[in-house]
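First comes the structure, then the notes that go with it.
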Amino acid sequence: MGDRTEGGAAPIPAFANPASGRGKEASEAIGADPRFELRDAGPEGLESAIRAAVEEGARRVLVAGGDGTIATAAAAVPKALAKSPAVTVYDCKHSQTLPGTLVPKPSTSTDATAKRTWKETRAVATFYRNVFKRNSIDDAGMTLLSSIHFGTKFNNAMWNGAQMLYGDGDNQLFVDFTAGNDVIGHELTHGVTQSTARLIYQGQTGALNEHLSDVMGTLVKQWLLGLSADRSDWLIGKELFTANVNARGVRSMSHPGTAYDDPILGRDPQPSHMSGYVETDEDNGGVHINSGIPNRAFYETAITAGGYAWDPAGKVWFRTLEERLRPNADFHDFASATTEVARDLYGRDLQLIVENAWRKVGLDPSLTRSGASLRSRRRSSTRTNERRTIP
Ligand SMILES: [Zn+2]
């Protein structure tokens, strides 16, 4: 699959996202949004029109090309924040019909699940606003809607593309899935990824999607607790298991593959190095399995950088998610992008820390697959955007 805007337009620069639609419908949809300024590409083409707009400091620009292609750009200028997003909670009452019945005042509900969901969802929104200056999932104050008590003994939580939903767990293996704020942060981050890099949920790209949700999920937890990287447990979903299960959590970001070893659940299948990369058709190509590899690279970055994991490591990862990824990015693309962002935001010392973290998990961000350095590849070719095959 190609990685260019529809209609054969010029490659979009790294800070821009190709818009989701084509020509008129998309420009009508986005054009109604006051955050976007509409422009025609003109004779210079999409890419230079976007560059010009970004250089002028325009925050959101929609550029329409003559052939019906469009592109949007987000410039790196301070964002004016609207007020916090609304947080709503609905009760499915064990049905699978969404969203269910509105819980009128979740903040004072006698249902502990409703109250917790409201409180923790709000906390995630506060984390995104305070740490990354992001206003809700879409950076435009989108209402955060959660449905609780989904289904009967439902053993999962998910972002379904429009809202959150949480099962109560079967109480044999899992308890209520709203129990961990890192899980709530994880699921909401799937929404953030959907509205930024739009990483395809398959193979390495899908594992990056999972990885970014784990990163932001654990950062929510660490930030709320005020814990430095070296004092955090780096476990995801620590609160989700019943006492029947021999598990420390769903995943370990510091030591992938060690979160559980249990007669019923089996053993945590996550690799912590590329040498253990799991090729599988299950789990969308192992999205919850191979995410262990980048998870450990993030952990190594945060630990080596010291202090709190959300700054600098989290800020580098978030900027990468927001501005530097294409929807089919693979591990190597991601490793290279985080290394570049670390250099751009914090300089050479952090760049080296990030590079070394990726090397520890078997990825070398400075090398292409053929072994040539990125620099020489860039010099010799303008085709840096082709889809690479997953190893
Ligand atoms: Zn997930």
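Just remember, in the structure tokens the first chain shown is A, the second B, etc., residues are 1-based per chain, and ligands are 1-based in the order shown.
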
Produce as an mmCIF file with N, CA and C atoms, in the first residue's frame the set of residues near ligand 1, where near means within 9 Å with only C-alpha atoms and all ligand atoms considered.
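Output (out39.cif):
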```
data_model
loop_
_atom_site.group_PDB
_atom_site.id
_atom_site.type_symbol
_atom_site.label_atom_id
_atom_site.label_comp_id
_atom_site.auth_asym_id
_atom_site.auth_seq_id
_atom_site.Cartn_x
_atom_site.Cartn_y
_atom_site.Cartn_z
ATOM 1 N N ALA A 157 -11.786 -3.820 28.044
ATOM 2 C CA ALA A 157 -12.133 -2.401 27.954
ATOM 3 C C ALA A 157 -11.704 -1.977 26.570
ATOM 4 N N MET A 158 -12.407 -1.087 25.950
ATOM 5 C CA MET A 158 -11.952 -0.655 24.626
ATOM 6 C C MET A 158 -12.458 0.711 24.208
ATOM 7 N N TRP A 159 -11.707 1.304 23.309
ATOM 8 C CA TRP A 159 -12.102 2.486 22.559
ATOM 9 C C TRP A 159 -12.654 1.942 21.250
ATOM 10 N N VAL A 183 -5.283 1.843 32.545
ATOM 11 C CA VAL A 183 -6.102 1.204 31.503
ATOM 12 C C VAL A 183 -7.017 2.259 30.843
ATOM 13 N N HIS A 186 -4.845 4.245 28.680
ATOM 14 C CA HIS A 186 -4.510 3.432 27.503
ATOM 15 C C HIS A 186 -5.625 3.524 26.465
ATOM 16 N N GLU A 187 -6.861 3.278 26.901
ATOM 17 C CA GLU A 187 -7.981 3.238 25.940
ATOM 18 C C GLU A 187 -8.224 4.610 25.317
ATOM 19 N N THR A 189 -6.114 6.875 24.830
ATOM 20 C CA THR A 189 -5.013 7.186 23.917
ATOM 21 C C THR A 189 -5.233 6.541 22.549
ATOM 22 N N HIS A 190 -5.954 5.425 22.490
ATOM 23 C CA HIS A 190 -6.313 4.888 21.166
ATOM 24 C C HIS A 190 -7.103 5.938 20.374
ATOM 25 N N ASN A 209 0.729 1.226 17.853
ATOM 26 C CA ASN A 209 -0.525 1.777 18.354
ATOM 27 C C ASN A 209 -0.739 1.328 19.806
ATOM 28 N N GLU A 210 -0.556 0.032 20.050
ATOM 29 C CA GLU A 210 -0.677 -0.498 21.410
ATOM 30 C C GLU A 210 0.386 0.099 22.341
ATOM 31 N N HIS A 211 1.595 0.177 21.827
ATOM 32 C CA HIS A 211 2.715 0.723 22.611
ATOM 33 C C HIS A 211 2.413 2.142 23.086
ATOM 34 N N LEU A 212 1.948 2.991 22.165
ATOM 35 C CA LEU A 212 1.686 4.384 22.538
ATOM 36 C C LEU A 212 0.591 4.466 23.593
ATOM 37 N N SER A 213 -0.390 3.559 23.518
ATOM 38 C CA SER A 213 -1.430 3.537 24.547
ATOM 39 C C SER A 213 -0.859 3.090 25.894
ATOM 40 N N ASP A 214 0.049 2.134 25.872
ATOM 41 C CA ASP A 214 0.692 1.730 27.135
ATOM 42 C C ASP A 214 1.541 2.862 27.710
ATOM 43 N N VAL A 287 -0.322 -7.521 17.934
ATOM 44 C CA VAL A 287 -0.216 -6.109 18.372
ATOM 45 C C VAL A 287 -0.022 -5.964 19.881
ATOM 46 N N HIS A 288 -0.621 -6.896 20.666
ATOM 47 C CA HIS A 288 -0.440 -6.831 22.117
ATOM 48 C C HIS A 288 0.780 -7.626 22.567
#
```

**OP:** Do a neighbour search on stretch 337-346 of chain A at 8 Å with only C-alpha atoms, toss out local chain neighbours closer than 6 positions, and write the hits as a PyMOL selection string.
**Re:** chain A and resi 312+316-317+319-320+324-325+352+354-355+365

Original post:
What does the distance between atom CA of A:Gln96 and atom CA of A:Tyr128 come to in Å, to one decimal place?
Top reply: 29.4 Å

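Between atom CA of A:Leu219 and atom CA of A:Val131 the interatomic distance comes to 9.9 Å.
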
**OP:** With a distance cut-off of 10 Å and only C-alpha atoms, select the neighbouring residues of A:Phe132, excluding the residue or stretch itself and same-chain residues fewer than 5 positions from it, and output the selection as number ranges by chain.
**Re:** A: 126-127, 310-311, 314-315, 318-319

Original post:
Which distance in Å separates atom CA of A:Val87 and atom CA of A:Pro327, to one decimal?
Top reply: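 For atom CA of A:Val87 relative to atom CA of A:Pro327, the distance reads 28.3 Å.
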
Original post:
stretch 178-252 of chain A: which residues are helix (DSSP H, G or I) by DSSP, as a ChimeraX atom specification?
Top reply: /A:181-195,203-225,229-231

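Among the residues of stretch 119-312 of chain A, backbone DSSP assigns strand (DSSP E) to Leu144, Leu145, Ser146, Ser147, Ile148, Ala157, Met158, Trp159, Met164, Leu165, Tyr166, Leu235, Ile236, Arg251, Ser252, Asp261, Asp262, Gly266 and Arg267 of chain A.
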